[in-house]
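Raw contents of structure_9.cif, mmCIF, C-alpha atoms and all ligand atoms:
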```cif
data_run
#
loop_
_atom_site.label_atom_id
_atom_site.label_comp_id
_atom_site.auth_asym_id
_atom_site.auth_seq_id
_atom_site.Cartn_x
_atom_site.Cartn_y
_atom_site.Cartn_z
CA MET A 146 0.00 0.00 0.00
CA SER A 147 1.42 3.42 -0.93
CA SER A 148 1.94 5.99 1.78
CA LYS A 149 -0.77 8.12 0.13
CA LYS A 150 -3.26 5.27 0.57
CA ARG A 151 -2.21 4.74 4.18
CA PHE A 152 -2.69 8.43 4.82
CA GLU A 153 -6.27 8.17 3.55
CA VAL A 154 -7.06 5.10 5.64
CA ASN A 155 -5.41 6.17 8.88
CA ARG A 156 -4.45 9.81 9.15
CA LEU A 157 -2.04 9.36 12.07
CA LEU A 158 -0.24 6.42 10.51
CA GLY A 159 -0.05 8.27 7.19
CA GLN A 160 1.46 11.29 8.90
CA VAL A 161 4.11 9.15 10.60
CA ILE A 162 4.99 7.38 7.33
CA ASP A 163 5.26 10.77 5.67
CA ALA A 164 7.55 12.02 8.46
CA LEU A 165 9.71 8.92 8.09
CA GLU A 166 10.09 9.43 4.32
CA LYS A 167 11.00 13.08 4.89
CA ALA A 168 13.53 12.19 7.59
CA GLU A 169 15.18 9.58 5.33
CA LYS A 170 15.32 12.01 2.40
CA ALA A 171 16.84 14.69 4.62
CA GLY A 172 19.53 12.21 5.76
CA ALA A 173 18.44 12.18 9.41
CA GLY A 174 20.55 10.13 11.83
CA PRO A 175 19.73 6.49 12.72
CA GLU A 176 18.30 7.45 16.11
CA VAL A 177 15.71 9.74 14.54
CA ILE A 178 14.79 7.15 11.87
CA GLU A 179 14.51 4.42 14.54
CA SER A 180 12.37 6.56 16.75
CA ILE A 181 9.89 7.46 13.97
CA SER A 182 9.86 3.83 12.76
CA ALA A 183 8.98 2.71 16.31
CA VAL A 184 5.91 5.00 16.32
CA ARG A 185 4.87 3.64 12.88
CA ASP A 186 5.24 0.04 14.08
CA MET A 187 3.32 0.69 17.29
CA LEU A 188 0.40 2.22 15.39
CA GLN A 189 0.31 -0.81 13.07
CA ARG A 190 0.56 -3.28 15.94
CA LYS A 191 -2.22 -1.46 17.79
CA ASP A 192 -4.57 -2.07 14.83
CA GLU A 193 -3.43 -5.69 14.52
CA PHE A 194 -3.97 -6.32 18.24
CA THR A 195 -7.42 -4.69 18.14
CA ASP A 196 -8.45 -7.20 15.45
CA TYR A 197 -6.71 -10.09 17.22
CA ALA A 198 -8.52 -9.42 20.51
CA SER A 199 -11.92 -9.17 18.77
CA SER A 200 -13.94 -12.32 18.05
CA ASP A 201 -13.65 -14.15 14.78
CA HIS A 202 -16.00 -12.59 12.20
CA GLY A 203 -17.35 -15.89 10.86
CA GLU A 204 -17.54 -17.54 7.44
CA THR A 205 -19.79 -15.05 5.66
CA CYS A 206 -17.90 -11.93 6.74
CA GLU A 207 -14.65 -13.69 5.78
CA LYS A 208 -16.09 -14.51 2.33
CA ILE A 209 -17.35 -10.94 1.87
CA GLN A 210 -13.97 -9.52 2.93
CA VAL A 211 -11.96 -11.79 0.63
CA GLU A 212 -14.24 -11.21 -2.37
CA THR A 213 -14.37 -7.46 -1.76
CA TYR A 214 -10.56 -7.28 -1.85
CA GLN A 215 -10.59 -9.27 -5.12
CA HIS A 216 -13.42 -7.30 -6.73
CA ASP A 217 -12.64 -5.08 -9.71
CA PHE A 218 -14.29 -1.80 -8.70
CA GLN A 219 -12.45 0.00 -11.53
CA ALA A 220 -14.41 -2.15 -14.05
CA ASP A 221 -17.70 -1.36 -12.21
CA TYR A 222 -16.85 2.33 -12.41
CA ASP A 223 -15.91 2.10 -16.12
CA GLN A 224 -19.31 0.48 -16.78
CA GLY A 225 -21.06 3.31 -14.89
CA LYS A 226 -22.28 0.99 -12.12
CA ILE A 227 -20.78 3.00 -9.24
CA PRO A 228 -20.25 6.78 -8.88
CA SER A 229 -16.53 6.53 -8.02
CA VAL A 230 -13.89 3.80 -7.84
CA TYR A 231 -14.82 2.14 -4.55
CA GLU A 232 -12.07 0.58 -2.44
CA ALA A 233 -12.16 -2.61 -0.42
CA MET A 234 -10.92 -0.75 2.66
CA MET A 235 -14.34 0.93 2.81
CA LEU A 236 -15.67 -2.09 4.71
CA CYS A 237 -15.59 -1.51 8.47
CA GLY A 238 -13.43 -4.54 9.31
CA ARG A 239 -13.32 -7.11 12.05
CA ALA A 240 -12.99 -5.00 15.21
CA GLU A 241 -15.72 -2.54 14.25
CA GLY A 242 -17.96 -5.32 12.92
CA GLN A 243 -17.69 -7.19 16.22
CA PHE A 244 -18.25 -3.97 18.16
CA LEU A 245 -21.51 -3.38 16.23
CA LYS A 246 -22.54 -6.96 16.87
CA SER A 247 -21.88 -6.61 20.61
CA LEU A 248 -23.79 -3.37 20.77
CA ILE A 249 -26.83 -4.90 19.06
CA SER A 250 -26.84 -7.66 21.64
CA ILE A 251 -26.44 -5.21 24.56
CA GLN A 252 -29.23 -3.05 23.14
CA ARG A 253 -31.33 -6.17 22.46
CA ALA A 254 -32.12 -4.49 19.16
CA LYS A 255 -34.71 -6.10 16.93
CA ARG A 256 -34.70 -3.62 14.05
CA VAL A 257 -31.53 -2.01 12.70
CA LEU A 258 -31.06 0.56 9.94
CA GLU A 259 -27.76 0.86 8.11
CA VAL A 260 -26.90 3.69 5.72
CA GLY A 261 -24.17 2.50 3.36
CA MET A 262 -24.28 -1.23 2.62
CA PHE A 263 -21.35 -1.52 0.18
CA THR A 264 -20.59 -5.28 -0.11
CA GLY A 265 -22.58 -6.16 3.01
CA TYR A 266 -19.77 -6.77 5.52
CA SER A 267 -21.21 -4.73 8.41
CA ALA A 268 -24.76 -5.81 7.48
CA ALA A 269 -23.76 -9.48 7.83
CA ALA A 270 -21.94 -8.83 11.12
CA MET A 271 -24.97 -7.04 12.57
CA ALA A 272 -27.61 -9.46 11.24
CA ALA A 273 -25.94 -12.32 13.10
CA ALA A 274 -26.73 -10.58 16.42
CA LEU A 275 -30.43 -10.08 15.67
CA PRO A 276 -33.12 -12.45 16.94
CA ALA A 277 -34.79 -14.81 14.42
CA ASP A 278 -37.62 -12.31 13.80
CA GLY A 279 -35.28 -9.30 13.71
CA GLU A 280 -34.68 -7.16 10.63
CA LEU A 281 -31.72 -5.22 9.33
CA VAL A 282 -32.60 -2.72 6.61
CA THR A 283 -29.51 -1.65 4.70
CA LEU A 284 -29.55 1.30 2.31
CA ASP A 285 -27.32 1.98 -0.62
CA ILE A 286 -27.41 4.21 -3.63
CA CYS A 287 -25.95 1.62 -6.04
CA GLU A 288 -28.29 -0.88 -7.67
CA SER A 289 -25.37 -3.09 -8.77
CA LEU A 290 -24.34 -3.70 -5.14
CA LYS A 291 -27.70 -5.30 -4.42
CA THR A 292 -27.06 -8.23 -6.81
CA LEU A 293 -23.49 -8.55 -5.56
CA VAL A 294 -24.55 -8.69 -1.88
CA GLN A 295 -27.47 -11.04 -2.55
CA ASP A 296 -25.02 -13.43 -4.15
CA LEU A 297 -22.45 -13.08 -1.33
CA ILE A 298 -25.03 -13.84 1.39
CA LYS A 299 -27.05 -16.52 -0.42
CA ASP A 300 -25.84 -19.29 1.93
CA PHE A 301 -25.74 -17.10 5.06
CA ARG A 302 -28.09 -18.42 7.71
CA HIS A 303 -29.09 -14.90 8.78
CA ALA A 304 -29.71 -13.68 5.21
CA HIS A 305 -33.51 -13.68 5.69
CA LYS A 306 -33.10 -10.87 8.25
CA ILE A 307 -31.45 -8.54 5.72
CA ARG A 308 -33.63 -6.19 3.61
CA ILE A 309 -31.83 -4.15 0.96
CA GLU A 310 -33.28 -0.79 -0.16
CA ILE A 311 -31.69 1.03 -3.09
CA GLY A 312 -31.87 4.82 -3.49
CA PRO A 313 -30.55 7.99 -1.87
CA ALA A 314 -30.61 7.24 1.88
CA LEU A 315 -32.34 10.41 2.97
CA GLU A 316 -35.23 9.89 0.60
CA THR A 317 -35.63 6.27 1.69
CA MET A 318 -35.46 7.35 5.33
CA ALA A 319 -38.06 10.08 4.84
CA ARG A 320 -40.39 7.52 3.26
CA MET A 321 -39.80 5.14 6.15
CA ALA A 322 -40.52 7.91 8.67
CA ASP A 323 -43.77 8.72 6.81
CA ASN A 324 -44.72 5.03 7.07
CA GLY A 325 -44.06 5.06 10.83
CA GLU A 326 -41.12 2.64 10.64
CA GLN A 327 -38.81 2.62 13.67
CA PHE A 328 -35.36 1.23 14.41
CA ASP A 329 -33.66 0.37 17.68
CA LEU A 330 -30.21 1.06 16.28
CA MET A 331 -29.06 3.09 13.30
CA PHE A 332 -25.58 2.90 11.80
CA PHE A 333 -24.63 5.70 9.42
CA ASP A 334 -21.70 4.72 7.24
CA GLY A 335 -21.87 6.64 3.99
CA ASN A 336 -18.99 6.34 1.56
CA LYS A 337 -15.95 7.76 3.36
CA LYS A 338 -14.89 9.77 0.32
CA ASP A 339 -18.43 10.98 -0.34
CA TYR A 340 -19.10 11.71 3.31
CA ILE A 341 -18.99 15.45 2.94
CA GLY A 342 -21.13 15.18 -0.18
CA LEU A 343 -23.59 13.07 1.74
CA PHE A 344 -24.04 15.82 4.30
CA GLN A 345 -24.31 18.43 1.58
CA VAL A 346 -27.02 16.37 -0.07
CA LEU A 347 -28.68 16.21 3.31
CA ILE A 348 -28.60 19.95 3.74
CA ARG A 349 -30.04 20.53 0.25
CA TYR A 350 -32.70 17.91 0.83
CA VAL A 351 -33.62 19.42 4.15
CA LYS A 352 -33.93 22.89 2.69
CA MET A 353 -36.19 21.43 0.03
CA ARG A 354 -38.46 20.06 2.73
CA LYS A 355 -38.25 23.32 4.73
CA ILE A 356 -37.33 21.61 7.98
CA LYS A 357 -35.33 24.06 10.06
CA ASP A 358 -32.20 23.18 12.05
CA TYR A 359 -32.01 19.92 10.22
CA ILE A 360 -28.32 19.63 9.61
CA GLY A 361 -27.47 16.05 10.37
CA LEU A 362 -28.57 12.53 9.64
CA PHE A 363 -29.01 12.06 13.38
CA GLN A 364 -31.80 14.60 13.30
CA MET A 365 -33.77 12.41 10.89
CA ALA A 366 -33.57 9.78 13.60
CA PHE A 367 -34.54 11.95 16.52
CA ASP A 368 -36.86 14.58 15.05
CA ARG A 369 -38.78 12.31 12.73
CA ASN A 370 -38.80 9.51 15.27
CA LEU A 371 -37.20 6.91 13.03
CA LEU A 372 -35.37 5.90 16.18
CA SER A 373 -37.33 3.79 18.68
CA PRO A 374 -37.62 4.91 22.30
CA GLY A 375 -34.36 3.87 23.98
CA GLY A 376 -32.62 3.59 20.59
CA THR A 377 -29.03 4.40 19.59
CA VAL A 378 -27.54 6.19 16.58
CA LEU A 379 -23.98 5.52 15.48
CA ILE A 380 -22.23 7.87 13.06
CA ASP A 381 -19.18 6.27 11.51
CA ASN A 382 -16.21 8.38 10.35
CA ALA A 383 -16.95 11.00 12.99
CA PHE A 384 -13.33 12.20 12.54
CA ILE A 385 -14.14 12.66 8.80
CA MET A 386 -10.93 11.02 7.59
CA GLY A 387 -9.01 12.46 10.52
CA SER A 388 -9.89 16.05 9.61
CA ALA A 389 -11.12 16.62 13.20
CA PHE A 390 -7.52 16.55 14.46
CA ALA A 391 -5.38 16.98 11.33
CA SER A 392 -5.04 20.69 12.10
CA PRO A 393 -5.91 22.99 15.03
CA ASP A 394 -8.63 24.50 12.83
CA LYS A 395 -12.03 23.97 14.46
CA SER A 396 -14.14 24.63 11.39
CA SER A 397 -14.01 21.13 9.85
CA LEU A 398 -17.18 19.24 8.99
CA ALA A 399 -16.33 16.91 11.88
CA HIS A 400 -16.50 19.90 14.26
CA GLU A 401 -19.73 21.05 12.64
CA ILE A 402 -21.35 17.67 13.25
CA ALA A 403 -20.04 17.47 16.83
CA GLU A 404 -21.28 21.01 17.46
CA ALA A 405 -24.73 20.21 16.08
CA VAL A 406 -24.99 17.27 18.48
CA ARG A 407 -23.56 19.23 21.44
CA ASN A 408 -26.15 21.97 20.88
CA ARG A 409 -28.94 19.49 21.44
CA THR A 410 -29.47 19.41 25.19
CA ASP A 411 -31.89 16.48 24.76
CA LEU A 412 -29.12 14.24 23.39
CA HIS A 413 -26.14 12.43 24.89
CA SER A 414 -23.06 11.60 22.84
CA ALA A 415 -19.88 9.60 23.29
CA LEU A 416 -17.13 9.32 20.69
CA LEU A 417 -15.34 6.02 20.37
CA PRO A 418 -11.93 6.61 18.71
CA MET A 419 -12.02 3.26 16.86
CA ASN A 420 -10.97 3.43 13.19
CA ASP A 421 -12.09 6.87 11.92
CA GLY A 422 -14.24 7.52 15.01
CA ILE A 423 -17.73 6.30 15.88
CA LEU A 424 -20.07 8.87 17.42
CA MET A 425 -22.71 7.23 19.58
CA ILE A 426 -25.81 9.35 20.20
CA ARG A 427 -28.75 8.57 22.46
CA ARG A 428 -31.60 10.54 23.96
CA LEU A 429 -30.37 12.02 27.27
CA LYS A 430 -33.34 10.59 29.15
CA ASP A 431 -32.28 7.10 28.09
CA VAL A 432 -28.77 7.66 29.47
CA GLU A 433 -29.44 9.74 32.60
CA ARG A 434 -32.51 7.82 33.45
CA ASP A 435 -33.81 10.23 36.10
CA ALA A 436 -33.48 13.21 33.70
CA ALA A 437 -36.71 15.02 32.79
C1 LIG B 501 -18.17 3.01 3.46
S1 LIG B 501 -19.25 2.18 2.43
C2 LIG B 501 -20.19 1.25 3.58
C3 LIG B 501 -19.40 0.13 4.17
C4 LIG B 501 -20.23 -0.88 4.91
N1 LIG B 501 -21.04 -0.27 5.94
C5 LIG B 501 -19.32 -1.92 5.54
O1 LIG B 501 -18.73 -1.64 6.60
O2 LIG B 501 -19.17 -2.99 4.97
C6 LIG B 501 -20.37 3.42 1.96
C7 LIG B 501 -21.52 3.02 1.04
O3 LIG B 501 -22.45 4.11 1.09
C8 LIG B 501 -23.11 4.19 -0.14
N2 LIG B 501 -23.68 5.53 -0.27
C9 LIG B 501 -23.01 6.69 -0.51
N3 LIG B 501 -23.87 7.71 -0.55
C10 LIG B 501 -25.11 7.19 -0.31
C11 LIG B 501 -26.42 7.75 -0.23
N4 LIG B 501 -26.63 9.05 -0.37
N5 LIG B 501 -27.45 6.92 0.00
C12 LIG B 501 -27.26 5.59 0.18
N6 LIG B 501 -26.04 5.02 0.11
C13 LIG B 501 -24.98 5.80 -0.13
C14 LIG B 501 -22.01 3.88 -1.16
O4 LIG B 501 -22.59 3.42 -2.38
C15 LIG B 501 -21.19 2.82 -0.43
O5 LIG B 501 -21.54 1.54 -0.84
#
```
Now, as a test, write the supplied structure out as structure tokens.
Amino acid sequence: MSSKKRFEVNRLLGQVIDALEKAEKAGAGPEVIESISAVRDMLQRKDEFTDYASSDHGETCEKIQVETYQHDFQADYDQGKIPSVYEAMMLCGRAEGQFLKSLISIQRAKRVLEVGMFTGYSAAAMAAALPADGELVTLDICESLKTLVQDLIKDFRHAHKIRIEIGPALETMARMADNGEQFDLMFFDGNKKDYIGLFQVLIRYVKMRKIKDYIGLFQMAFDRNLLSPGGTVLIDNAFIMGSAFASPDKSSLAHEIAEAVRNRTDLHSALLPMNDGILMIRRLKDVERDAA
């Protein structure tokens, strides 16, 4: 993997690799090179250990992961099937998949909504934690992914719990809210590269519907009651590709989202610094249970 790619996947690791390349080019002494290399190795080993200490992801997730890494997304893009050249690293991976699975079991969730299905890795991880009559609705904008995922999960014993809905997530979610659908847990994982675009689409969409102060996907959950009483919203990539801490500047989209949540006194949030950050949001009264 090139250092540019690493930088995109893990901002801190990318920065260290960049520093190492610069130090080598500048002819830095062996102590400096060793010291920077040690930081690089520790960051890599931290990720490896996080996966190692998390449960095995099972046959279906393994199959999805292997086939996703072999898939030719360039060909899909050339045929106009996907809006950009998707990358296998977009799937959330073992540690996050197992975290989601744990959380569903803790929450005793029966209905889960996912925004951003991709090749179905996180959907499969989460579906395995649902009861037999549970349902995981996963949304994606790409029709071609539906056939791909249906094929990948055809022998999965939890496949019957997975419902795939194709279309722009916010439109699908608005329709679901109109129909009175509710979910115990919602996982927002739009395309990492399109994440900013996703929020811009949201803002445009919201303006169209003239709903004031509607600047985040989480508000669809809380204000339109798509989220069940006692439910939880998870926003993946809350660091927005590390932009939250890449500079001291506090005007990044990540700050904007955090600010929007902080301004809501009826909500409670906790940010888990796993991968690119997972922001967990719940109604305050469900967290501080004697709150008004
Ligand atoms: C990061 S991937 C999801 C990864 C998946 N959750 C996993 O861990 O395996 C993001 C997905 O979001 C989809 N997406 C992007 N914008 C969308 C939108 N506006 N509505 C629905 N899906 C969208 C992309 O097509 C892509 O498949």
Inset, instruction - Check the smallest atom-to-atom distance from each of A:Gln295, A:Asn324, A:Gln224, A:Gln189 to Asn155 of chain A using all atoms listed in the file, then report the winner. - result: A:Gln189
Would you give the centre and edge lengths, in Å to one decimal, of a box along x, y and z around the listed atoms of ligand LIG 501 (chain B), with 3 Å added to each side, as lines of an AutoDock Vina configuration file?
```
center_x = -22.8
center_y = 3.0
center_z = 2.1
size_x = 15.3
size_y = 18.0
size_z = 15.0
```
Inset, instruction - Can you tell me which residues come within 6 Å of ligand LIG 501 (chain B) when counting all atoms listed in the file, ideally as a list of chain:residue names? - result: A:Met235, A:Leu236, A:Cys237, A:Val260, A:Gly261, A:Met262, A:Phe263, A:Thr264, A:Gly265, A:Tyr266, A:Ser267, A:Leu284, A:Asp285, A:Ile286, A:Cys287, A:Gly312, A:Pro313, A:Ala314, A:Asp334, A:Gly335, A:Asn336, A:Lys337, A:Leu343
Inset, instruction - Up to 6 Å from (-30.8, 9.8, 19.9) in the file's coordinates: name the residues, counting only C-alpha atoms, as a ChimeraX atom specification. - result: /A:367,377-378,412,426-428
Legend entry - Contacts of Asp300 of chain A at 12 Å (all atoms listed in the file; same-chain gap of 3+ positions) as a ChimeraX atom specification: /A:204-206,208-209,269,294-297,303-305
Inset, instruction - Show which residues sit within 10 Å of segment 176-187 of chain A, as number ranges by chain. Count only C-alpha atoms, and ignore same-chain residues fewer than 5 positions away. - result: A: 157-162, 164-169, 192-193
Legend entry - Best match for closeness to Met419 of chain A among A:Val211, A:Lys226, A:Arg239, A:Gly172, counting all atoms listed in the file: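 Of A:Val211, A:Lys226, A:Arg239, A:Gly172, the one nearest Met419 of chain A is A:Arg239, counting all atoms listed in the file.
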Legend entry - Residue among A:Gly387, A:Pro393, A:Gly174, A:Gly238 lying closest to Thr213 of chain A, counting all atoms listed in the file: A:Gly238
Legend entry - Residue nearest Glu241 of chain A among A:Met321, A:Ala391, A:Val406, A:Ala268 (counting all atoms listed in the file):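 That would be A:Ala268, the residue with the smallest distance to Glu241 of chain A.
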Using the incomplete input, complete segment 370-392 of chain A to the level of N, CA and C atoms; output as a tab-separated table (two decimals), in the coordinates of the input.
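Written out: rebuild-v1.tsv:
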```
chain	number	residue	atom	x	y	z
A	370	ASN	N	-38.49	10.72	14.51
A	370	ASN	CA	-38.80	9.51	15.27
A	370	ASN	C	-38.56	8.19	14.56
A	371	LEU	N	-37.58	8.18	13.65
A	371	LEU	CA	-37.20	6.91	13.03
A	371	LEU	C	-36.55	6.02	14.07
A	372	LEU	N	-36.04	6.65	15.13
A	372	LEU	CA	-35.37	5.90	16.18
A	372	LEU	C	-36.38	5.54	17.28
A	373	SER	N	-36.41	4.26	17.64
A	373	SER	CA	-37.33	3.79	18.68
A	373	SER	C	-37.00	4.44	20.02
A	374	PRO	N	-37.96	4.46	20.95
A	374	PRO	CA	-37.62	4.91	22.30
A	374	PRO	C	-36.49	4.02	22.83
A	375	GLY	N	-35.49	4.63	23.44
A	375	GLY	CA	-34.36	3.87	23.98
A	375	GLY	C	-33.33	3.48	22.92
A	376	GLY	N	-33.51	3.98	21.70
A	376	GLY	CA	-32.62	3.59	20.59
A	376	GLY	C	-31.29	4.34	20.56
A	377	THR	N	-30.40	3.85	19.69
A	377	THR	CA	-29.03	4.40	19.59
A	377	THR	C	-28.68	4.69	18.13
A	378	VAL	N	-28.04	5.83	17.92
A	378	VAL	CA	-27.54	6.19	16.58
A	378	VAL	C	-26.02	6.15	16.60
A	379	LEU	N	-25.44	5.55	15.59
A	379	LEU	CA	-23.98	5.52	15.48
A	379	LEU	C	-23.58	6.21	14.17
A	380	ILE	N	-22.72	7.20	14.28
A	380	ILE	CA	-22.23	7.87	13.06
A	380	ILE	C	-20.78	7.45	12.86
A	381	ASP	N	-20.55	6.71	11.78
A	381	ASP	CA	-19.18	6.27	11.51
A	381	ASP	C	-18.39	7.42	10.86
A	382	ASN	N	-17.08	7.34	10.92
A	382	ASN	CA	-16.21	8.38	10.35
A	382	ASN	C	-16.46	9.75	10.98
A	383	ALA	N	-16.69	9.73	12.30
A	383	ALA	CA	-16.95	11.00	12.99
A	383	ALA	C	-15.73	11.92	12.95
A	384	PHE	N	-14.53	11.35	12.70
A	384	PHE	CA	-13.33	12.20	12.54
A	384	PHE	C	-13.23	12.73	11.11
A	385	ILE	N	-14.15	12.28	10.22
A	385	ILE	CA	-14.14	12.66	8.80
A	385	ILE	C	-12.71	12.55	8.24
A	386	MET	N	-12.27	11.34	8.09
A	386	MET	CA	-10.93	11.02	7.59
A	386	MET	C	-9.85	11.78	8.36
A	387	GLY	N	-10.02	11.83	9.67
A	387	GLY	CA	-9.01	12.46	10.52
A	387	GLY	C	-9.01	13.98	10.48
A	388	SER	N	-9.94	14.58	9.73
A	388	SER	CA	-9.89	16.05	9.61
A	388	SER	C	-10.17	16.74	10.95
A	389	ALA	N	-10.82	16.02	11.89
A	389	ALA	CA	-11.12	16.62	13.20
A	389	ALA	C	-9.85	17.01	13.95
A	390	PHE	N	-8.74	16.25	13.69
A	390	PHE	CA	-7.52	16.55	14.46
A	390	PHE	C	-6.30	16.78	13.56
A	391	ALA	N	-6.52	16.80	12.23
A	391	ALA	CA	-5.38	16.98	11.33
A	391	ALA	C	-4.77	18.37	11.45
A	392	SER	N	-5.58	19.33	11.89
A	392	SER	CA	-5.04	20.69	12.10
A	392	SER	C	-5.77	21.30	13.30
```
